[in-house]
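So the structure is just underneath, and the comments pick up after that.
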Amino acid sequence: MRDSRRTRLVLALLILTAFTLITLDYRSRGGGFFGSVRRTASSIFGPIERGAADVVRPVRHGVQAIGSIGSNHKKVTELQRQVSALQEQLRIQPYDTARVAELEQLLHVSAVGQYKLLYAQVIAVSATDGFEWTATIDAGTRDGLKENMTVLNGDGLVGRLKIVGTSTSTVLLAIDPEFNVGVRLPNNAMGVVSGHGRAAMSLMMLDPTARVKVRDGLVTQGSLDQTPFVWGVPVGSVTSATDPLAGDVQTGEVQPYVDFRALDLVGVVVEPPRVDPRQALLAPPLPTVTATATVTATATVTASPVFSFSPTFSPTTSPTGKPSASRTPRPTVTPTPSHAPTPTVTPKVSPSATGSPGG
């Protein structure tokens with residue numbers, strides 16, 4: 001019991017002493033005896049406190065890091081997801097741009113050739129020497145496709161449908177060694193183009209008197225009922241031609257317009273044209289010219305004086321009251337000029353035409 005009273009007394013004295021020191025230090029505002037004592041204690045214990053803080057700081061940070069491991073992992077995962085999304089966008093952006101260009105070319109072919117197309121994506125290509133050169137597209141009978149339909153892209157003839165499944169179809173490419181297609185030349189002569197795999201396509205004329213020139217463009221002649229080939233699809237250009245003897249048919253090599261190494265978007269002709277487009281798809285698209293007329297009117301005002309005459313009559317009499325020799329009043333005319341500006345408007349029309357090429 002006695003120890004308990006003594007402890008309370010000591011505690012009360014310590015609290016009273018602390019309050020007293022705090023009050024005296026506050027009133028001295030950092031000066032006087034207590035300020036000197038505090039500065040001395042700070043100079044002694046300050047380095048010790050900084051050293052202790054340097055020792056404890058890594059431990060404190062480690063404890064905090066352990067506590068935030070879960071949240072940091074979530075942040076890292078989210079950042080990785082964002083980086084992956086940005087990389088994917090950068091990767092597919094050129095691909096999307098190329099797809100848009102291919103679609104625009106197909107729309108141009110469809111409009112000029114009057115073909116009704118079903119658009120499809122090439123999902124596989126089989127290009128191996130010794131085997132068929134084929135491509136697989138993601139459309140089939142459920143899309144209205146049938147065997148022996150013409151397949152093309154924005155550059156020209158791709159091939160024909162050989163096998164048609166429910167959701168996919170196999171296209172026999174024009175460069176396959178078993179592929180043959182009748183073509184028409186710019187001079188309306190006819191020939192046959194055949195595929196040779198990786199090598200150039202070959203051309204054989206049908207008429208011994210017909211002649212072909214280098215850089216001549218070839219289009220499909222069209223099959224009976226336009227199956228399997230419709231009219232007017234670009235095939236390729238002649239890169240070389242022979243000089244045959246009299247009575248022999250001319251032959252040559254053909255560079256196809258289609259790049260069979262980069263097949264992507266194609267169109268299947270589901271309805272052939274009613275009119276043969278002939279060589280229309282070989283011609284470059286005509287530019288679209290938009291004429292804009294700008295009219296500038298300039299008014300030129302020319303002042304033309306208009307004279308108005310006001311006659312004034314003054315009779316002449318004799319000062320004696322007798323009539324003079326001439327009693328007839330003679331009029332005196334005094335011209336009074338009156339300037340009335342008459343505007344003359346001269347319009348000047350300066351048309352200006354601005355042409356913008358169109359696809």
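Just so we're on the same page: first chain in the structure tokens is A, next is B, and so on; residues restart at 1 for each chain, and ligands are numbered from 1 in the order they show up.
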Any idea what's packed within 10 Å of Ala199 of chain A, counting only C-alpha atoms, ignoring anything in its chain fewer than 3 positions away? Could you give it as a PyMOL selection string? chain A and resi 175+177+195-196+202+253-255
Just asking: which residues within segment 162-246 of chain A are strand (DSSP E) according to DSSP, as a VMD selection string? chain A and resid 162 to 164 169 to 173 180 to 184 190 to 194 201 to 205 217 to 220 234 to 241
Shell of 8 Å around Pro208 of chain A, only C-alpha atoms, local chain residues under 6 positions omitted, as a PyMOL selection string: chain A and resi 246-250
Report the residues of segment 108-312 of chain A whose backbone DSSP state falls under alpha helix (DSSP H), written as a list of chain:residue names. A:His108, A:Val109, A:Ser110, A:Ala111, A:Val112, A:Gly113
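Neighbouring residues of Ser194 of chain A at 6 Å or closer, counting only C-alpha atoms and skipping chain neighbours under 5 positions away, are A:Phe179, A:Asn180, A:Met201, A:Ser202.
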Could I get the residues of segment 192-259 of chain A with an atom no further than 8 Å from an atom of segment 273-283 of chain A, each paired with its nearest atom pair and that distance in Å to one decimal, using only C-alpha atoms, sorted by chain and residue number, as CSV?
```
residue,atom,partner,partner_atom,distance
A:Gly217,CA,A:Leu282,CA,6.9
A:Val219,CA,A:Gln279,CA,6.8
A:Val230,CA,A:Pro273,CA,7.6
A:Trp231,CA,A:Asp276,CA,5.7
A:Gly232,CA,A:Arg278,CA,4.8
A:Val233,CA,A:Leu281,CA,7.2
A:Pro234,CA,A:Leu282,CA,6.7
```
Residues from the last selection, N, CA, C and O atoms, saved as a short mmCIF file (atom, residue, chain, number, x, y, z; two decimals), in the first residue's frame:
```cif
data_model
loop_
_atom_site.label_atom_id
_atom_site.label_comp_id
_atom_site.auth_asym_id
_atom_site.auth_seq_id
_atom_site.Cartn_x
_atom_site.Cartn_y
_atom_site.Cartn_z
N GLY A 217 -1.82 -6.28 -121.85
CA GLY A 217 -2.61 -6.77 -120.72
C GLY A 217 -3.61 -7.82 -121.18
O GLY A 217 -4.23 -7.69 -122.23
N VAL A 219 -7.02 -10.27 -120.22
CA VAL A 219 -8.20 -10.46 -119.38
C VAL A 219 -8.86 -11.78 -119.77
O VAL A 219 -8.61 -12.33 -120.85
N VAL A 230 -15.68 -15.79 -115.54
CA VAL A 230 -16.53 -14.72 -116.04
C VAL A 230 -15.72 -13.84 -116.99
O VAL A 230 -14.51 -13.99 -117.14
N TRP A 231 -16.38 -12.90 -117.62
CA TRP A 231 -15.72 -12.02 -118.58
C TRP A 231 -14.85 -10.97 -117.89
O TRP A 231 -15.15 -10.47 -116.80
N GLY A 232 -13.78 -10.59 -118.55
CA GLY A 232 -13.07 -9.35 -118.27
C GLY A 232 -12.24 -9.26 -117.01
O GLY A 232 -11.88 -8.15 -116.60
N VAL A 233 -11.89 -10.38 -116.36
CA VAL A 233 -11.07 -10.31 -115.15
C VAL A 233 -9.60 -10.21 -115.54
O VAL A 233 -9.11 -11.04 -116.32
N PRO A 234 -8.86 -9.22 -115.06
CA PRO A 234 -7.43 -9.11 -115.40
C PRO A 234 -6.65 -10.35 -114.97
O PRO A 234 -6.83 -10.86 -113.86
#
```
Applying 10 Å and only C-alpha atoms, which residues near Phe260 of chain A remain after dropping the ones on its own chain fewer than 2 positions away? List them as a ChimeraX atom specification. /A:125,127,133,135,158,173-175,198,256-258,262-264
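Of the listed residues (A:Val268, A:Val10, A:Ile137, A:Val183), A:Val268 comes nearest to Gly154 of chain A; the distances count only C-alpha atoms.
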Skip segment 99-104 of chain A itself and residues of its chain fewer than 4 positions away, then list as a list in words all residues within 8 Å of it, counting only C-alpha atoms. Tyr95, His108, Asn153, Gly154 and Leu265 of chain A
Would you mind exporting the chosen residues as a PDB file, in the first residue's frame, restricted to all heavy atoms?
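The resulting part.pdb:
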```
ATOM      1  N   TYR A  95      -1.931  -3.709 -90.628  1.00  0.00           N
ATOM      2  CA  TYR A  95      -2.788  -4.757 -91.193  1.00  0.00           C
ATOM      3  C   TYR A  95      -4.163  -4.206 -91.521  1.00  0.00           C
ATOM      4  O   TYR A  95      -4.714  -4.482 -92.593  1.00  0.00           O
ATOM      5  CB  TYR A  95      -2.887  -5.911 -90.191  1.00  0.00           C
ATOM      6  CG  TYR A  95      -3.817  -7.016 -90.609  1.00  0.00           C
ATOM      7  CD1 TYR A  95      -3.444  -7.924 -91.602  1.00  0.00           C
ATOM      8  CD2 TYR A  95      -5.059  -7.169 -90.000  1.00  0.00           C
ATOM      9  CE1 TYR A  95      -4.297  -8.945 -91.985  1.00  0.00           C
ATOM     10  CE2 TYR A  95      -5.905  -8.184 -90.382  1.00  0.00           C
ATOM     11  CZ  TYR A  95      -5.528  -9.068 -91.369  1.00  0.00           C
ATOM     12  OH  TYR A  95      -6.374 -10.069 -91.741  1.00  0.00           O
ATOM     13  N   HIS A 108     -13.884  -1.324-106.353  1.00  0.00           N
ATOM     14  CA  HIS A 108     -13.657  -0.752-107.686  1.00  0.00           C
ATOM     15  C   HIS A 108     -13.853  -1.817-108.762  1.00  0.00           C
ATOM     16  O   HIS A 108     -14.506  -1.571-109.787  1.00  0.00           O
ATOM     17  CB  HIS A 108     -12.253  -0.177-107.759  1.00  0.00           C
ATOM     18  CG  HIS A 108     -11.837   0.232-109.134  1.00  0.00           C
ATOM     19  ND1 HIS A 108     -12.347   1.341-109.779  1.00  0.00           N
ATOM     20  CD2 HIS A 108     -10.951  -0.341-110.017  1.00  0.00           C
ATOM     21  CE1 HIS A 108     -11.808   1.444-110.974  1.00  0.00           C
ATOM     22  NE2 HIS A 108     -10.959   0.441-111.150  1.00  0.00           N
ATOM     23  N   ASN A 153      -9.320 -10.870-106.663  1.00  0.00           N
ATOM     24  CA  ASN A 153      -9.108  -9.827-105.659  1.00  0.00           C
ATOM     25  C   ASN A 153      -8.971  -8.489-106.370  1.00  0.00           C
ATOM     26  O   ASN A 153      -9.288  -8.376-107.551  1.00  0.00           O
ATOM     27  CB  ASN A 153      -7.913 -10.140-104.753  1.00  0.00           C
ATOM     28  CG  ASN A 153      -6.589 -10.110-105.484  1.00  0.00           C
ATOM     29  OD1 ASN A 153      -6.500  -9.791-106.678  1.00  0.00           O
ATOM     30  ND2 ASN A 153      -5.517 -10.443-104.783  1.00  0.00           N
ATOM     31  N   GLY A 154      -8.491  -7.488-105.675  1.00  0.00           N
ATOM     32  CA  GLY A 154      -8.416  -6.161-106.283  1.00  0.00           C
ATOM     33  C   GLY A 154      -7.428  -6.051-107.418  1.00  0.00           C
ATOM     34  O   GLY A 154      -7.474  -5.086-108.192  1.00  0.00           O
ATOM     35  N   LEU A 265      -7.703 -10.779 -98.645  1.00  0.00           N
ATOM     36  CA  LEU A 265      -9.128 -10.588 -98.882  1.00  0.00           C
ATOM     37  C   LEU A 265      -9.429 -10.861-100.355  1.00  0.00           C
ATOM     38  O   LEU A 265      -8.768 -10.311-101.234  1.00  0.00           O
ATOM     39  CB  LEU A 265      -9.540  -9.161 -98.514  1.00  0.00           C
ATOM     40  CG  LEU A 265     -11.040  -8.861 -98.498  1.00  0.00           C
ATOM     41  CD1 LEU A 265     -11.729  -9.674 -97.414  1.00  0.00           C
ATOM     42  CD2 LEU A 265     -11.277  -7.372 -98.273  1.00  0.00           C
TER      43      LEU A 265
END
```
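Put simply, atom CA of Leu161 of chain A is 11.9 Å away from atom CA of Val266 of chain A.
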